[in-house]
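What's in query-v8.cif: mmCIF, C-alpha atoms
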```
data_input
loop_
_atom_site.group_PDB
_atom_site.id
_atom_site.type_symbol
_atom_site.label_atom_id
_atom_site.label_comp_id
_atom_site.auth_asym_id
_atom_site.auth_seq_id
_atom_site.Cartn_x
_atom_site.Cartn_y
_atom_site.Cartn_z
ATOM 1 C CA MET A 14 -40.043 26.523 50.401
ATOM 2 C CA LEU A 15 -42.494 26.244 53.272
ATOM 3 C CA LYS A 16 -40.562 28.865 55.234
ATOM 4 C CA ILE A 17 -40.760 31.254 52.280
ATOM 5 C CA LEU A 18 -44.505 30.711 51.936
ATOM 6 C CA GLN A 19 -44.963 31.182 55.651
ATOM 7 C CA SER A 20 -43.041 34.445 55.547
ATOM 8 C CA ILE A 21 -45.159 35.651 52.605
ATOM 9 C CA ASN A 22 -48.313 34.609 54.406
ATOM 10 C CA ASN A 23 -47.303 36.443 57.581
ATOM 11 C CA GLN A 24 -46.818 39.715 55.709
ATOM 12 C CA THR A 25 -49.924 39.272 53.563
ATOM 13 C CA SER A 26 -51.994 38.303 56.571
ATOM 14 C CA LEU A 27 -50.876 41.359 58.510
ATOM 15 C CA HIS A 28 -51.870 43.843 55.807
ATOM 16 C CA SER A 29 -54.975 42.000 54.635
ATOM 17 C CA ALA A 30 -56.353 41.706 58.143
ATOM 18 C CA GLN A 31 -55.919 45.457 58.583
ATOM 19 C CA ILE A 32 -57.822 46.058 55.330
ATOM 20 C CA ILE A 33 -60.699 43.900 56.581
ATOM 21 C CA LYS A 34 -60.724 45.691 59.935
ATOM 22 C CA ASN A 35 -60.834 49.061 58.166
ATOM 23 C CA PHE A 36 -63.650 47.768 55.977
ATOM 24 C CA ILE A 37 -65.657 46.672 59.025
ATOM 25 C CA ARG A 38 -65.084 50.073 60.617
ATOM 26 C CA ASP A 39 -65.753 52.244 57.566
ATOM 27 C CA PHE A 40 -68.906 50.393 56.524
ATOM 28 C CA LYS A 41 -70.129 50.252 60.147
ATOM 29 C CA ILE A 42 -70.656 46.489 60.023
ATOM 30 C CA HIS A 43 -71.072 46.125 63.782
ATOM 31 C CA SER A 44 -73.671 48.895 63.863
ATOM 32 C CA THR A 45 -75.548 47.316 60.973
ATOM 33 C CA THR A 46 -75.713 43.867 62.546
ATOM 34 C CA ASP A 47 -76.721 45.366 65.906
ATOM 35 C CA THR A 48 -79.564 47.261 64.232
ATOM 36 C CA ILE A 49 -80.691 44.117 62.441
ATOM 37 C CA THR A 50 -80.605 42.057 65.632
ATOM 38 C CA LYS A 51 -82.624 44.657 67.556
ATOM 39 C CA SER A 52 -85.102 44.990 64.706
ATOM 40 C CA LYS A 53 -85.615 41.222 64.570
ATOM 41 C CA LYS A 54 -86.256 41.064 68.326
ATOM 42 C CA LYS A 55 -88.780 43.910 68.144
ATOM 43 C CA ARG A 56 -90.508 42.301 65.167
ATOM 44 C CA GLN A 57 -90.716 38.966 66.962
ATOM 45 C CA MET A 58 -92.202 40.588 70.072
ATOM 46 C CA SER A 59 -94.699 42.609 68.017
ATOM 47 C CA THR A 60 -95.702 39.564 65.993
ATOM 48 C CA THR A 61 -96.167 37.499 69.143
ATOM 49 C CA ASN A 62 -98.342 40.192 70.715
ATOM 50 C CA LEU A 63 -100.402 40.563 67.555
ATOM 51 C CA PHE A 64 -100.923 36.821 67.316
ATOM 52 C CA ASN A 65 -101.885 36.591 70.988
ATOM 53 C CA ASN A 66 -104.446 39.373 70.524
ATOM 54 C CA ASN A 67 -105.806 37.669 67.405
ATOM 55 C CA PRO A 68 -105.602 33.906 67.972
ATOM 56 C CA ASN A 69 -107.420 33.171 64.709
ATOM 57 C CA THR A 70 -104.738 34.918 62.669
ATOM 58 C CA HIS A 71 -102.606 32.512 60.643
ATOM 59 C CA ASN A 72 -98.843 32.900 60.994
ATOM 60 C CA ASN A 73 -98.319 33.430 57.257
ATOM 61 C CA SER A 74 -100.905 36.195 57.115
ATOM 62 C CA LEU A 75 -98.804 38.269 59.488
ATOM 63 C CA LEU A 76 -96.416 38.903 56.616
ATOM 64 C CA THR A 77 -99.035 40.732 54.567
ATOM 65 C CA ASN A 78 -101.266 42.084 57.299
ATOM 66 C CA PRO A 79 -101.249 45.905 57.048
ATOM 67 C CA ASN A 80 -101.699 46.099 60.809
ATOM 68 C CA THR A 81 -98.409 44.349 61.413
ATOM 69 C CA PRO A 82 -96.211 46.993 63.068
ATOM 70 C CA ASN A 83 -93.003 48.060 61.335
ATOM 71 C CA ASP A 84 -89.945 49.228 63.177
ATOM 72 C CA PRO A 85 -89.190 52.784 61.980
ATOM 73 C CA ASN A 86 -85.505 52.174 62.742
ATOM 74 C CA SER A 87 -85.282 49.042 60.622
ATOM 75 C CA LEU A 88 -82.988 49.049 57.602
ATOM 76 C CA ASP A 89 -84.199 49.149 54.037
ATOM 77 C CA PRO A 90 -82.934 45.865 52.517
ATOM 78 C CA ARG A 91 -82.130 47.665 49.251
ATOM 79 C CA SER A 92 -79.507 49.713 51.083
ATOM 80 C CA LEU A 93 -77.636 46.512 51.974
ATOM 81 C CA THR A 94 -77.070 45.320 48.399
ATOM 82 C CA GLU A 95 -73.756 47.109 47.883
ATOM 83 C CA LEU A 96 -72.487 46.066 51.308
ATOM 84 C CA LEU A 97 -73.263 42.399 50.659
ATOM 85 C CA ASP A 98 -71.582 42.560 47.255
ATOM 86 C CA ASN A 99 -68.422 44.075 48.766
ATOM 87 C CA ILE A 100 -68.239 41.460 51.522
ATOM 88 C CA ALA A 101 -68.683 38.676 48.969
ATOM 89 C CA LEU A 102 -65.894 40.197 46.868
ATOM 90 C CA LEU A 103 -63.520 40.294 49.855
ATOM 91 C CA HIS A 104 -64.325 36.680 50.650
ATOM 92 C CA ASN A 105 -63.712 35.601 47.052
ATOM 93 C CA ARG A 106 -60.354 37.381 46.936
ATOM 94 C CA THR A 107 -59.314 35.760 50.217
ATOM 95 C CA ALA A 108 -60.297 32.329 48.888
ATOM 96 C CA LEU A 109 -58.289 33.056 45.724
ATOM 97 C CA TYR A 110 -55.235 33.868 47.846
ATOM 98 C CA HIS A 111 -55.689 30.635 49.800
ATOM 99 C CA ARG A 112 -55.786 28.644 46.556
ATOM 100 C CA PHE A 113 -52.625 30.447 45.453
ATOM 101 C CA LEU A 114 -50.794 29.255 48.570
ATOM 102 C CA GLN A 115 -51.990 25.702 48.071
ATOM 103 C CA SER A 116 -50.955 25.704 44.400
ATOM 104 C CA LYS A 117 -47.445 26.894 45.281
ATOM 105 C CA VAL A 118 -47.078 24.135 47.844
ATOM 106 C CA LYS A 119 -48.305 21.609 45.274
ATOM 107 C CA GLU A 120 -45.819 22.889 42.683
ATOM 108 C CA ASN A 121 -43.002 22.515 45.190
ATOM 109 C CA ILE A 122 -44.062 18.950 45.947
ATOM 110 C CA GLU A 123 -44.399 17.934 42.300
ATOM 111 C CA THR A 124 -41.171 19.591 41.107
ATOM 112 C CA PRO A 125 -38.358 16.993 41.259
ATOM 113 C CA THR A 126 -35.209 18.037 43.053
ATOM 114 C CA PRO A 127 -31.927 17.944 41.053
ATOM 115 C CA THR A 128 -30.084 14.659 41.474
ATOM 116 C CA SER A 129 -26.369 14.071 41.387
ATOM 117 C CA PRO A 130 -24.820 11.521 38.979
ATOM 118 C CA THR A 131 -24.226 9.208 41.909
ATOM 119 C CA SER A 132 -27.872 9.189 42.869
ATOM 120 C CA THR A 133 -28.889 7.957 39.408
ATOM 121 C CA THR A 134 -27.096 4.674 40.044
ATOM 122 C CA LYS A 135 -29.185 3.833 43.090
ATOM 123 C CA SER A 136 -31.275 0.696 43.052
ATOM 124 C CA ASN A 137 -35.025 0.566 42.364
ATOM 125 C CA ASP A 138 -35.659 -0.147 46.032
ATOM 126 C CA THR A 139 -33.878 3.014 47.034
ATOM 127 C CA ASN A 140 -35.845 5.024 44.451
ATOM 128 C CA SER A 141 -39.062 3.547 45.790
ATOM 129 C CA ASN A 142 -38.155 4.534 49.340
ATOM 130 C CA THR A 143 -37.244 8.021 48.160
ATOM 131 C CA SER A 144 -40.605 8.326 46.397
ATOM 132 C CA ASN A 145 -42.430 7.299 49.546
ATOM 133 C CA ASN A 146 -40.449 9.801 51.585
ATOM 134 C CA THR A 147 -41.276 12.516 49.062
ATOM 135 C CA ASN A 148 -44.980 11.720 49.269
ATOM 136 C CA ASN A 149 -44.848 11.837 53.054
ATOM 137 C CA THR A 150 -42.969 15.118 52.940
ATOM 138 C CA GLY A 151 -45.504 16.505 50.471
ATOM 139 C CA SER A 152 -48.407 15.596 52.719
ATOM 140 C CA THR A 153 -46.636 17.224 55.653
ATOM 141 C CA LEU A 154 -45.982 20.409 53.672
ATOM 142 C CA SER A 155 -49.599 20.601 52.505
ATOM 143 C CA SER A 156 -50.871 20.044 56.030
ATOM 144 C CA LYS A 157 -48.547 22.669 57.483
ATOM 145 C CA SER A 158 -49.400 25.242 54.812
ATOM 146 C CA THR A 159 -53.105 24.817 55.526
ATOM 147 C CA GLN A 160 -52.432 25.033 59.245
ATOM 148 C CA PHE A 161 -50.468 28.269 59.173
ATOM 149 C CA TYR A 162 -53.108 29.837 56.895
ATOM 150 C CA GLU A 163 -56.018 28.812 59.115
ATOM 151 C CA ASN A 164 -54.193 30.113 62.194
ATOM 152 C CA SER A 165 -53.330 33.415 60.551
ATOM 153 C CA GLU A 166 -54.860 36.799 61.272
ATOM 154 C CA ILE A 167 -56.429 37.044 57.814
ATOM 155 C CA SER A 168 -58.301 33.784 58.352
ATOM 156 C CA ARG A 169 -59.696 34.974 61.681
ATOM 157 C CA SER A 170 -60.626 38.371 60.217
ATOM 158 C CA ILE A 171 -62.470 36.918 57.240
ATOM 159 C CA GLN A 172 -64.332 34.490 59.504
ATOM 160 C CA GLU A 173 -65.501 37.406 61.646
ATOM 161 C CA LEU A 174 -66.581 39.308 58.531
ATOM 162 C CA MET A 175 -68.504 36.316 57.158
ATOM 163 C CA SER A 176 -70.340 35.874 60.465
ATOM 164 C CA HIS A 177 -71.689 39.394 59.948
ATOM 165 C CA TYR A 178 -72.430 38.575 56.317
ATOM 166 C CA VAL A 179 -74.707 35.685 57.297
ATOM 167 C CA VAL A 180 -76.769 37.946 59.570
ATOM 168 C CA ILE A 181 -77.043 40.733 56.995
ATOM 169 C CA GLU A 182 -77.872 38.428 54.085
ATOM 170 C CA GLU A 183 -80.564 36.629 56.077
ATOM 171 C CA TYR A 184 -82.156 39.991 56.921
ATOM 172 C CA TYR A 185 -81.875 41.152 53.301
ATOM 173 C CA MET A 186 -83.510 38.001 51.959
ATOM 174 C CA THR A 187 -86.293 37.875 54.573
ATOM 175 C CA GLU A 188 -87.238 41.551 54.367
ATOM 176 C CA SER A 189 -87.077 41.590 50.572
ATOM 177 C CA ILE A 190 -89.410 38.597 50.358
ATOM 178 C CA LYS A 191 -91.821 40.234 52.821
ATOM 179 C CA LYS A 192 -91.862 43.356 50.677
ATOM 180 C CA ALA A 193 -92.475 41.269 47.557
ATOM 181 C CA ILE A 194 -95.455 39.605 49.213
ATOM 182 C CA LYS A 195 -96.942 42.935 50.289
ATOM 183 C CA LEU A 196 -96.496 44.444 46.803
ATOM 184 C CA ASN A 197 -97.860 41.377 45.055
ATOM 185 C CA GLU A 198 -99.765 42.078 41.845
ATOM 186 C CA LEU A 199 -101.531 39.740 39.431
ATOM 187 C CA ASN A 200 -102.433 40.968 35.961
ATOM 188 C CA SER A 201 -105.007 39.204 33.859
ATOM 189 C CA ASP A 202 -102.513 38.608 31.035
ATOM 190 C CA GLN A 203 -99.943 36.939 33.320
ATOM 191 C CA THR A 204 -99.879 33.330 34.495
ATOM 192 C CA THR A 205 -97.949 34.143 37.683
ATOM 193 C CA SER A 206 -97.958 37.080 40.051
ATOM 194 C CA SER A 207 -95.156 39.628 40.315
ATOM 195 C CA MET A 208 -94.283 38.137 43.698
ATOM 196 C CA ILE A 209 -92.990 34.921 42.103
ATOM 197 C CA ASP A 210 -90.576 36.665 39.766
ATOM 198 C CA TYR A 211 -89.329 39.004 42.466
ATOM 199 C CA ILE A 212 -88.730 36.222 44.999
ATOM 200 C CA PHE A 213 -86.839 34.134 42.434
ATOM 201 C CA PHE A 214 -84.704 37.189 41.673
ATOM 202 C CA ILE A 215 -83.942 37.661 45.390
ATOM 203 C CA LEU A 216 -83.017 34.006 45.898
ATOM 204 C CA GLN A 217 -80.842 33.988 42.798
ATOM 205 C CA LYS A 218 -78.987 37.080 44.004
ATOM 206 C CA CYS A 219 -78.387 35.525 47.428
ATOM 207 C CA THR A 220 -76.969 32.319 45.932
ATOM 208 C CA THR A 221 -74.545 33.945 43.481
#
```

Just give me the structure as structure tokens.
Amino acid sequence: MLKILQSINNQTSLHSAQIIKNFIRDFKIHSTTDTITKSKKKRQMSTTNLFNNNPNTHNNSLLTNPNTPNDPNSLDPRSLTELLDNIALLHNRTALYHRFLQSKVKENIETPTPTSPTSTTKSNDTNSNTSNNTNNTGSTLSSKSTQFYENSEISRSIQELMSHYVVIEEYYMTESIKKAIKLNELNSDQTTSSMIDYIFFILQKCTT
């Protein structure tokens, strides 16, 4: 059974990894993360210079200070929503496939093998030894199935994709919160400002 699963995984891994590579290429993931990294470095340098020129300026006020320079080449966080959703969907489908492999291995372990009439006359000690051997074999099968999945091309491809996802999501969350702070409004009939609701919405979206 393990050989069958491994053969299925090899074929699935080959095609799935190619899909992920095409996704990274078509959605220009590398270009997006490079732009984000450069934008963050420029923002850090600009913020440092601004703080050095104004030592009395509090760090938090730099978020809402209108004189804080913006990189014209920086990405609008709203444009990243669809990309983040698609990456999350790919990751969920890959995790679903991994659970499918594990469930098939578990079914194979739990399904008793047909026994011959002679084997039914064995002693309790022999049955106990057989049960122990089955448990050991099951653990070995489960370990091997996890190993050949983790060493597969699909596992490496999804790990690469998720490393980009972390960078993009961090940028999306940070820039969206900065925008919420700058656009903060407080109406007399409201107990909280619009910033609170917007930030909670951003955090909820990033955690789902």

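Take the candidates A:Ile21, A:Met208, A:Val180, A:Cys219 and check each one against A:Asp98 using all atoms listed in the file; the shortest distance goes to A:Cys219.
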
Could you list the residues chosen by the PyMOL selection byres ((chain A and resi 212-218) around 8) in this structure as a list in words? Met186, Ser189, Ile190, Ala193, Met208, Ile209, Asp210, Tyr211, Cys219, Thr220 and Thr221 of chain A

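Pairwise distance (atom CA of A:Arg56, atom CA of A:Ser206) equals 26.7 Å.
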
My list of candidates is A:Leu96, A:Leu27, A:Leu114, A:Ile171. Which is closest to A:Ile42 when distances are computed with all atoms listed in the file? A:Leu96

Residue with the minimum atom-to-atom distance to A:Asn35, picked from A:Leu196, A:Ile49, A:Ile17, A:Leu174 with only C-alpha atoms counted, is A:Leu174

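Using all atoms listed in the file, the smallest distance between any of A:Ser170, A:Asn23, A:Ser52, A:Asn197 and A:Ile37 comes from A:Ser170.
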
With the PyMOL selection byres ((chain A and resi 107) around 12) as the selection, what would be picked from this file? Answer as a VMD selection string, please. chain A and resid 22 25 to 26 29 to 30 32 to 33 100 to 106 108 to 114 162 to 163 166 to 172 174 to 175

Nearest candidate to A:Lys119 (options A:Leu18, A:His28, A:Asp89, A:Lys53; using only C-alpha atoms): A:Leu18

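In this model, the gap between atom CA of A:Glu183 and atom CA of A:Thr45 comes to 12.8 Å.
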
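From atom CA of A:Glu198 back to atom CA of A:Ile181, the distance works out to 27.3 Å.
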
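Of the listed residues A:Thr46, A:Lys34, A:Glu188, A:Thr204, the one whose atoms come nearest to A:Ser176 is A:Thr46, with distances taken using all atoms listed in the file.
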